[in-house]
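Peer 1: For reference, the structure I am asking about is given below.
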Amino acid sequence: MIRDAETQTLLEDAIRRFVRETLVPREAEVDETDQIPADVLAAMREIGLFGLTIPEAYGGLGLTMEEEVRVAFELGQTSPAFRSVIGTNNGIGSIGILLDGSEEQKQHYLPKLAAGELIGSFCLTEPDSGSDAASLKTTARKNGDHYVLNGTKRFITNAPEAGIFTVMARTSDAQGASGISAFIVERESPGLSLGKPDKKMGQRGAHTCDVIFENCRIPAGQLIGGVEGVGFKTAMKVLDKGRLHIAAVAIGAAKRMLRDALAYAMERKQFGQPIVEFQLVQAMLADSKTEIYAAECMVLDAARRRDEGRDVSIEASCAKYFATEMCGRVADRAVQVHGGAGYISEYGIERFYRDVRLFRLYEGTSQIQQVIIARGLMRGTEI
Ligand code: COS
């Protein structure tokens, strides 16, 4: 339930303007330089984008899930790299602390994350543990009033810029999920180092790399919530929320690509008329609009359910699965509508085609979403 519809509309309008006037004109530059320009980052900080979802008590805007996805529909309408830079502070880099952290941990870290003074990152994936997250091998052994971490985390979004990491590590010899705990690890902790930046297919400007722990010592008070053995559940709850956010971003990107495809089809003439007059082109546009609308309804419904305090683990997976696969289909059609121009970088659509491919992989592949949905059904989830 939106608390103040007028304020929310103003926020969405402001973000729509910011996207169109400030971010869209810099997309090609970001792709070429693999950097978000400093003035753009400063402007993002200025309008509060780093703290959209962090509660007002900790310096953020405190958006509800519905408000957050509505904002993500707008932010998604430009290169996903821009969203990625603020994505971890609003999502996987802060939610663990917010949901399960102690009051002291929240007071210490959330205001800095909300202000964008500190970048938060989320370390779950490892070289041998991706979809099978509960098989992670990084250890955190208690040693007096410290924990000592050893292991490597892989493909960690915003790690090169991060000041803190939410790290899932094994605190006991128990196999599987029950031996895993979650920690807040500061960048300057002795024994923490970063790997080389990954060279990615797309989303240039958004950086990932390995995070390596070699006898990395952190104070025992950095254990999230002060409780061992519940870190896997923290990670799953973080991902439930993160998946809804990614679904909303995918919808934004699909809207942008459809808008660009439509504009091109109205302009481009073949056989003596704009190609938009051809029904085979119209079919691609109509299918895209229909699927975007379906995904939007789905994400809004799931977001409202979460705001009502309901468990949305299945709905979040349905939404992420449908919206990101839909976005892939829209990207493919948008390239097709552009014809040969769709393959040439100056038109921008090939960049989106590369960028949105990641949506179907991170925060759980489409196949993992299918597994979660099917398991839910087997356990009696309402159909
Ligand atoms: N919320 C809270 N708790 C959850 C949960 C959720 N959404 N999902 C699972 N749990 C709990 C389970 O209830 C179980 O607890 P109990 O042992 O007390 O019953 C525990 O966590 C283990 O769950 P489960 O048995 O389902 O774990 P599995 O190892 O079988 O696999 C999947 C779980 C496959 C769903 C998980 O590993 C996953 O999401 N993998 C993808 C990881 C991912 O998205 N990586 C992207 C990188 S992060 S950007």
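Chain lettering (A, B, ...) mirrors the order of the structure tokens, residue numbering begins at 1 for each chain separately, and ligand numbering begins at 1 in order of display.
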Using only C-alpha atoms and all ligand atoms, which residues of the polymer chains come no farther than 6 Å from ligand 1? I'd like the answer as a ChimeraX atom specification.
Peer 2: /A:124-125,130-134,177,232-233,236-237,240,313,362-364,368,372
Peer 1: Can you pull out every residue from segment 247-358 of chain A that DSSP, working from the backbone, puts in strand (DSSP E or B), and format the result as a PDB file with N, CA, C and O atoms, in the first residue's frame?
Peer 2:
ATOM      1  N   LYS A 269      11.975   3.164 -43.427  1.00  0.00           N
ATOM      2  CA  LYS A 269      11.055   2.849 -44.539  1.00  0.00           C
ATOM      3  C   LYS A 269      11.641   1.734 -45.396  1.00  0.00           C
ATOM      4  O   LYS A 269      12.826   1.746 -45.721  1.00  0.00           O
ATOM      5  N   GLN A 270      10.810   0.788 -45.757  1.00  0.00           N
ATOM      6  CA  GLN A 270      11.160  -0.252 -46.733  1.00  0.00           C
ATOM      7  C   GLN A 270       9.927  -0.541 -47.570  1.00  0.00           C
ATOM      8  O   GLN A 270       8.788  -0.416 -47.075  1.00  0.00           O
ATOM      9  N   GLN A 273       7.176   2.171 -47.400  1.00  0.00           N
ATOM     10  CA  GLN A 273       6.433   2.612 -46.215  1.00  0.00           C
ATOM     11  C   GLN A 273       7.199   2.282 -44.929  1.00  0.00           C
ATOM     12  O   GLN A 273       8.088   1.422 -44.940  1.00  0.00           O
ATOM     13  N   PRO A 274       6.852   2.976 -43.823  1.00  0.00           N
ATOM     14  CA  PRO A 274       7.523   2.661 -42.554  1.00  0.00           C
ATOM     15  C   PRO A 274       7.299   1.181 -42.212  1.00  0.00           C
ATOM     16  O   PRO A 274       6.190   0.659 -42.397  1.00  0.00           O
TER      17      PRO A 274
END
Peer 1: If I take atom CA of Cys327 of chain A and atom CA of Asp128 of chain A, how far is one from the other in Å, to one decimal?
Peer 2: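 We find that atom CA of Cys327 of chain A and atom CA of Asp128 of chain A lie 28.5 Å from each other.
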Peer 1: What's the 9 Å shell around Val69 of chain A, counting only C-alpha atoms, without same-chain residues fewer than 2 positions away, as a short mmCIF file (atom, residue, chain, number, x, y, z; two decimals) with N, CA and C atoms, in the first residue's frame?
Peer 2:
data_model
loop_
_atom_site.label_atom_id
_atom_site.label_comp_id
_atom_site.auth_asym_id
_atom_site.auth_seq_id
_atom_site.Cartn_x
_atom_site.Cartn_y
_atom_site.Cartn_z
N THR A 64 8.55 1.31 0.35
CA THR A 64 7.96 -0.02 0.47
C THR A 64 8.39 -0.83 -0.76
N MET A 65 8.08 -2.11 -0.75
CA MET A 65 8.46 -2.93 -1.91
C MET A 65 7.73 -2.45 -3.16
N GLU A 66 6.46 -2.11 -3.01
CA GLU A 66 5.73 -1.63 -4.19
C GLU A 66 6.34 -0.33 -4.72
N GLU A 67 6.65 0.57 -3.80
CA GLU A 67 7.28 1.83 -4.22
C GLU A 67 8.63 1.56 -4.88
N VAL A 71 9.86 2.46 -8.76
CA VAL A 71 11.06 3.24 -9.07
C VAL A 71 11.98 2.43 -9.99
N ALA A 72 12.07 1.13 -9.73
CA ALA A 72 12.94 0.28 -10.57
C ALA A 72 12.42 0.19 -12.01
N PHE A 73 11.10 0.30 -12.20
CA PHE A 73 10.56 0.33 -13.58
C PHE A 73 11.17 1.52 -14.34
N GLU A 74 11.39 2.62 -13.60
CA GLU A 74 11.97 3.83 -14.23
C GLU A 74 13.48 3.69 -14.40
N LEU A 244 12.79 -9.75 -6.70
CA LEU A 244 11.68 -8.88 -7.11
C LEU A 244 12.22 -7.59 -7.72
N HIS A 245 13.29 -7.10 -7.13
CA HIS A 245 13.91 -5.87 -7.64
C HIS A 245 14.45 -6.10 -9.06
N ILE A 246 15.16 -7.21 -9.27
CA ILE A 246 15.71 -7.48 -10.59
C ILE A 246 14.58 -7.65 -11.62
N ALA A 247 13.50 -8.30 -11.20
CA ALA A 247 12.35 -8.47 -12.10
C ALA A 247 11.86 -7.10 -12.56
N ALA A 248 11.78 -6.16 -11.61
CA ALA A 248 11.28 -4.81 -11.95
C ALA A 248 12.26 -4.09 -12.88
N VAL A 249 13.55 -4.25 -12.64
CA VAL A 249 14.54 -3.61 -13.51
C VAL A 249 14.44 -4.19 -14.93
N VAL A 299 4.79 -8.49 -10.96
CA VAL A 299 5.75 -7.92 -10.01
C VAL A 299 5.02 -7.03 -8.99
N LEU A 300 4.06 -6.24 -9.46
CA LEU A 300 3.33 -5.37 -8.54
C LEU A 300 2.54 -6.19 -7.52
N ALA A 303 4.99 -7.64 -5.03
CA ALA A 303 5.50 -6.57 -4.16
C ALA A 303 4.46 -6.21 -3.10
#
Peer 1: Excluding segment 89-101 of chain A and residues on its chain fewer than 6 positions from it, collect all residues at most 8 Å away from it, counting only C-alpha atoms, and give them as a PDB file with N, CA and C atoms, in the first residue's frame.
Peer 2:
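File produced: out36.pdb:
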ATOM      1  N   PHE A  50      21.060   6.072  -3.490  1.00  0.00           N
ATOM      2  CA  PHE A  50      21.736   4.981  -2.779  1.00  0.00           C
ATOM      3  C   PHE A  50      20.911   4.486  -1.582  1.00  0.00           C
ATOM      4  N   GLY A  51      19.955   5.302  -1.148  1.00  0.00           N
ATOM      5  CA  GLY A  51      19.230   4.922   0.070  1.00  0.00           C
ATOM      6  C   GLY A  51      17.732   4.760  -0.135  1.00  0.00           C
ATOM      7  N   LEU A  52      17.334   4.410  -1.341  1.00  0.00           N
ATOM      8  CA  LEU A  52      15.894   4.324  -1.641  1.00  0.00           C
ATOM      9  C   LEU A  52      15.147   3.419  -0.665  1.00  0.00           C
ATOM     10  N   THR A  53      15.748   2.274  -0.361  1.00  0.00           N
ATOM     11  CA  THR A  53      15.010   1.244   0.380  1.00  0.00           C
ATOM     12  C   THR A  53      15.387   1.198   1.852  1.00  0.00           C
ATOM     13  N   ILE A  54      16.408   1.943   2.215  1.00  0.00           N
ATOM     14  CA  ILE A  54      16.838   1.920   3.626  1.00  0.00           C
ATOM     15  C   ILE A  54      15.862   2.790   4.426  1.00  0.00           C
ATOM     16  N   LEU A 110      23.988   1.342   8.145  1.00  0.00           N
ATOM     17  CA  LEU A 110      22.929   1.725   7.192  1.00  0.00           C
ATOM     18  C   LEU A 110      22.953   3.205   6.790  1.00  0.00           C
ATOM     19  N   LEU A 113      25.475   3.636   4.094  1.00  0.00           N
ATOM     20  CA  LEU A 113      25.034   3.023   2.834  1.00  0.00           C
ATOM     21  C   LEU A 113      23.975   3.897   2.176  1.00  0.00           C
ATOM     22  N   ALA A 114      23.051   4.419   3.003  1.00  0.00           N
ATOM     23  CA  ALA A 114      21.962   5.249   2.467  1.00  0.00           C
ATOM     24  C   ALA A 114      22.510   6.510   1.804  1.00  0.00           C
ATOM     25  N   GLY A 116      25.357   6.757   0.398  1.00  0.00           N
ATOM     26  CA  GLY A 116      26.264   6.437  -0.703  1.00  0.00           C
ATOM     27  C   GLY A 116      27.716   6.724  -0.357  1.00  0.00           C
ATOM     28  N   ILE A 119      29.908   1.699  -0.023  1.00  0.00           N
ATOM     29  CA  ILE A 119      29.242   0.773  -0.941  1.00  0.00           C
ATOM     30  C   ILE A 119      29.215  -0.600  -0.275  1.00  0.00           C
ATOM     31  N   GLY A 120      28.039  -1.224  -0.320  1.00  0.00           N
ATOM     32  CA  GLY A 120      27.878  -2.552   0.279  1.00  0.00           C
ATOM     33  C   GLY A 120      27.842  -3.605  -0.816  1.00  0.00           C
ATOM     34  N   SER A 121      28.383  -4.775  -0.512  1.00  0.00           N
ATOM     35  CA  SER A 121      28.449  -5.845  -1.500  1.00  0.00           C
ATOM     36  C   SER A 121      28.029  -7.156  -0.824  1.00  0.00           C
ATOM     37  N   PHE A 122      27.712  -8.171  -1.615  1.00  0.00           N
ATOM     38  CA  PHE A 122      27.126  -9.420  -1.083  1.00  0.00           C
ATOM     39  C   PHE A 122      27.944 -10.606  -1.590  1.00  0.00           C
ATOM     40  N   PHE A 165      31.270  -5.884   3.043  1.00  0.00           N
ATOM     41  CA  PHE A 165      30.769  -7.070   2.357  1.00  0.00           C
ATOM     42  C   PHE A 165      29.900  -7.875   3.334  1.00  0.00           C
ATOM     43  N   THR A 166      28.726  -8.299   2.876  1.00  0.00           N
ATOM     44  CA  THR A 166      27.962  -9.293   3.638  1.00  0.00           C
ATOM     45  C   THR A 166      28.474 -10.645   3.159  1.00  0.00           C
ATOM     46  N   ILE A 224      26.439 -11.231  11.790  1.00  0.00           N
ATOM     47  CA  ILE A 224      25.136 -10.538  11.640  1.00  0.00           C
ATOM     48  C   ILE A 224      24.125 -11.082  12.650  1.00  0.00           C
ATOM     49  N   GLY A 225      23.583 -10.169  13.432  1.00  0.00           N
ATOM     50  CA  GLY A 225      22.590 -10.525  14.440  1.00  0.00           C
ATOM     51  C   GLY A 225      23.171 -11.273  15.627  1.00  0.00           C
ATOM     52  N   GLY A 226      24.471 -11.549  15.610  1.00  0.00           N
ATOM     53  CA  GLY A 226      25.113 -12.245  16.731  1.00  0.00           C
ATOM     54  C   GLY A 226      24.756 -13.714  16.832  1.00  0.00           C
ATOM     55  N   THR A 234      19.422 -15.992   6.036  1.00  0.00           N
ATOM     56  CA  THR A 234      19.573 -14.556   5.761  1.00  0.00           C
ATOM     57  C   THR A 234      19.788 -14.357   4.263  1.00  0.00           C
ATOM     58  N   ALA A 235      20.688 -15.158   3.682  1.00  0.00           N
ATOM     59  CA  ALA A 235      20.986 -15.001   2.244  1.00  0.00           C
ATOM     60  C   ALA A 235      19.743 -15.240   1.391  1.00  0.00           C
ATOM     61  N   LYS A 237      16.591 -14.860   2.254  1.00  0.00           N
ATOM     62  CA  LYS A 237      15.632 -13.752   2.428  1.00  0.00           C
ATOM     63  C   LYS A 237      16.092 -12.523   1.630  1.00  0.00           C
ATOM     64  N   VAL A 238      17.413 -12.318   1.635  1.00  0.00           N
ATOM     65  CA  VAL A 238      17.971 -11.220   0.847  1.00  0.00           C
ATOM     66  C   VAL A 238      17.615 -11.425  -0.625  1.00  0.00           C
ATOM     67  N   LEU A 239      17.776 -12.666  -1.087  1.00  0.00           N
ATOM     68  CA  LEU A 239      17.523 -12.940  -2.508  1.00  0.00           C
ATOM     69  C   LEU A 239      16.038 -12.854  -2.850  1.00  0.00           C
ATOM     70  N   LYS A 241      13.974 -10.715  -1.828  1.00  0.00           N
ATOM     71  CA  LYS A 241      13.702  -9.301  -2.108  1.00  0.00           C
ATOM     72  C   LYS A 241      14.453  -8.872  -3.371  1.00  0.00           C
ATOM     73  N   GLY A 242      15.727  -9.294  -3.457  1.00  0.00           N
ATOM     74  CA  GLY A 242      16.550  -8.916  -4.605  1.00  0.00           C
ATOM     75  C   GLY A 242      15.941  -9.378  -5.916  1.00  0.00           C
ATOM     76  N   HIS A 245      13.294  -7.103  -7.127  1.00  0.00           N
ATOM     77  CA  HIS A 245      13.909  -5.871  -7.641  1.00  0.00           C
ATOM     78  C   HIS A 245      14.449  -6.102  -9.058  1.00  0.00           C
TER      79      HIS A 245
END
Peer 1: Pick out the residues sitting within 10 Å of Ile15 of chain A, and hand them over as a tab-separated table (two decimals) with N, CA and C atoms, in the first residue's frame; count only C-alpha atoms, and ignore anything fewer than 6 positions along from it in its own chain.
Peer 2:
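Final file, out05.tsv:
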chain	number	residue	atom	x	y	z
A	9	THR	N	4.46	9.68	-6.64
A	9	THR	CA	4.39	10.13	-8.04
A	9	THR	C	5.48	11.15	-8.33
A	21	GLU	N	17.24	12.64	-18.81
A	21	GLU	CA	18.08	13.83	-19.05
A	21	GLU	C	19.54	13.62	-18.67
A	22	THR	N	19.79	12.81	-17.63
A	22	THR	CA	21.17	12.69	-17.13
A	22	THR	C	21.81	11.35	-17.49
A	44	MET	N	23.70	11.02	-8.48
A	44	MET	CA	22.90	9.91	-7.95
A	44	MET	C	22.84	9.97	-6.42
A	47	ILE	N	20.45	12.89	-5.23
A	47	ILE	CA	18.99	12.71	-5.22
A	47	ILE	C	18.57	11.49	-4.39
A	49	LEU	N	19.57	8.23	-4.44
A	49	LEU	CA	19.37	6.91	-5.05
A	49	LEU	C	20.03	5.77	-4.29
A	71	VAL	N	9.86	2.46	-8.76
A	71	VAL	CA	11.06	3.24	-9.07
A	71	VAL	C	11.98	2.43	-9.99
A	72	ALA	N	12.07	1.13	-9.73
A	72	ALA	CA	12.94	0.28	-10.57
A	72	ALA	C	12.42	0.19	-12.01
A	74	GLU	N	11.39	2.62	-13.60
A	74	GLU	CA	11.97	3.83	-14.23
A	74	GLU	C	13.48	3.69	-14.40
A	75	LEU	N	14.14	3.28	-13.31
A	75	LEU	CA	15.61	3.17	-13.36
A	75	LEU	C	16.07	2.13	-14.37
Peer 1: Counting only C-alpha atoms, what is within 12 Å of Leu194 of chain A, bar same-chain residues fewer than 6 positions away, as a PyMOL selection string?
Peer 2: chain A and resi 151-163+165+187-188+207-214
Peer 1: Next, dump the selected residues to file, keeping only C-alpha atoms, as a CSV table (one decimal), in the first residue's frame.
Peer 2:
chain,number,residue,atom,x,y,z
A,151,GLY,CA,38.0,-18.8,1.1
A,152,THR,CA,37.3,-17.1,-2.2
A,153,LYS,CA,34.0,-15.4,-3.3
A,154,ARG,CA,33.4,-15.0,-7.1
A,155,PHE,CA,31.6,-12.5,-9.4
A,156,ILE,CA,31.0,-10.1,-6.6
A,157,THR,CA,29.0,-7.1,-7.8
A,158,ASN,CA,30.5,-3.7,-6.8
A,159,ALA,CA,33.4,-5.5,-4.9
A,160,PRO,CA,36.0,-3.2,-6.4
A,161,GLU,CA,34.2,-0.1,-4.9
A,162,ALA,CA,32.8,-1.8,-1.8
A,163,GLY,CA,33.6,-0.7,1.8
A,165,PHE,CA,30.8,-7.1,2.4
A,187,ARG,CA,37.3,-3.7,3.2
A,188,GLU,CA,40.3,-2.8,5.3
A,207,HIS,CA,32.2,-4.0,-11.8
A,208,THR,CA,32.7,-7.5,-10.4
A,209,CYS,CA,35.7,-9.4,-9.1
A,210,ASP,CA,36.8,-12.1,-6.7
A,211,VAL,CA,37.0,-11.3,-3.0
A,212,ILE,CA,39.7,-13.4,-1.3
A,213,PHE,CA,40.0,-14.1,2.4
A,214,GLU,CA,43.3,-15.4,3.7
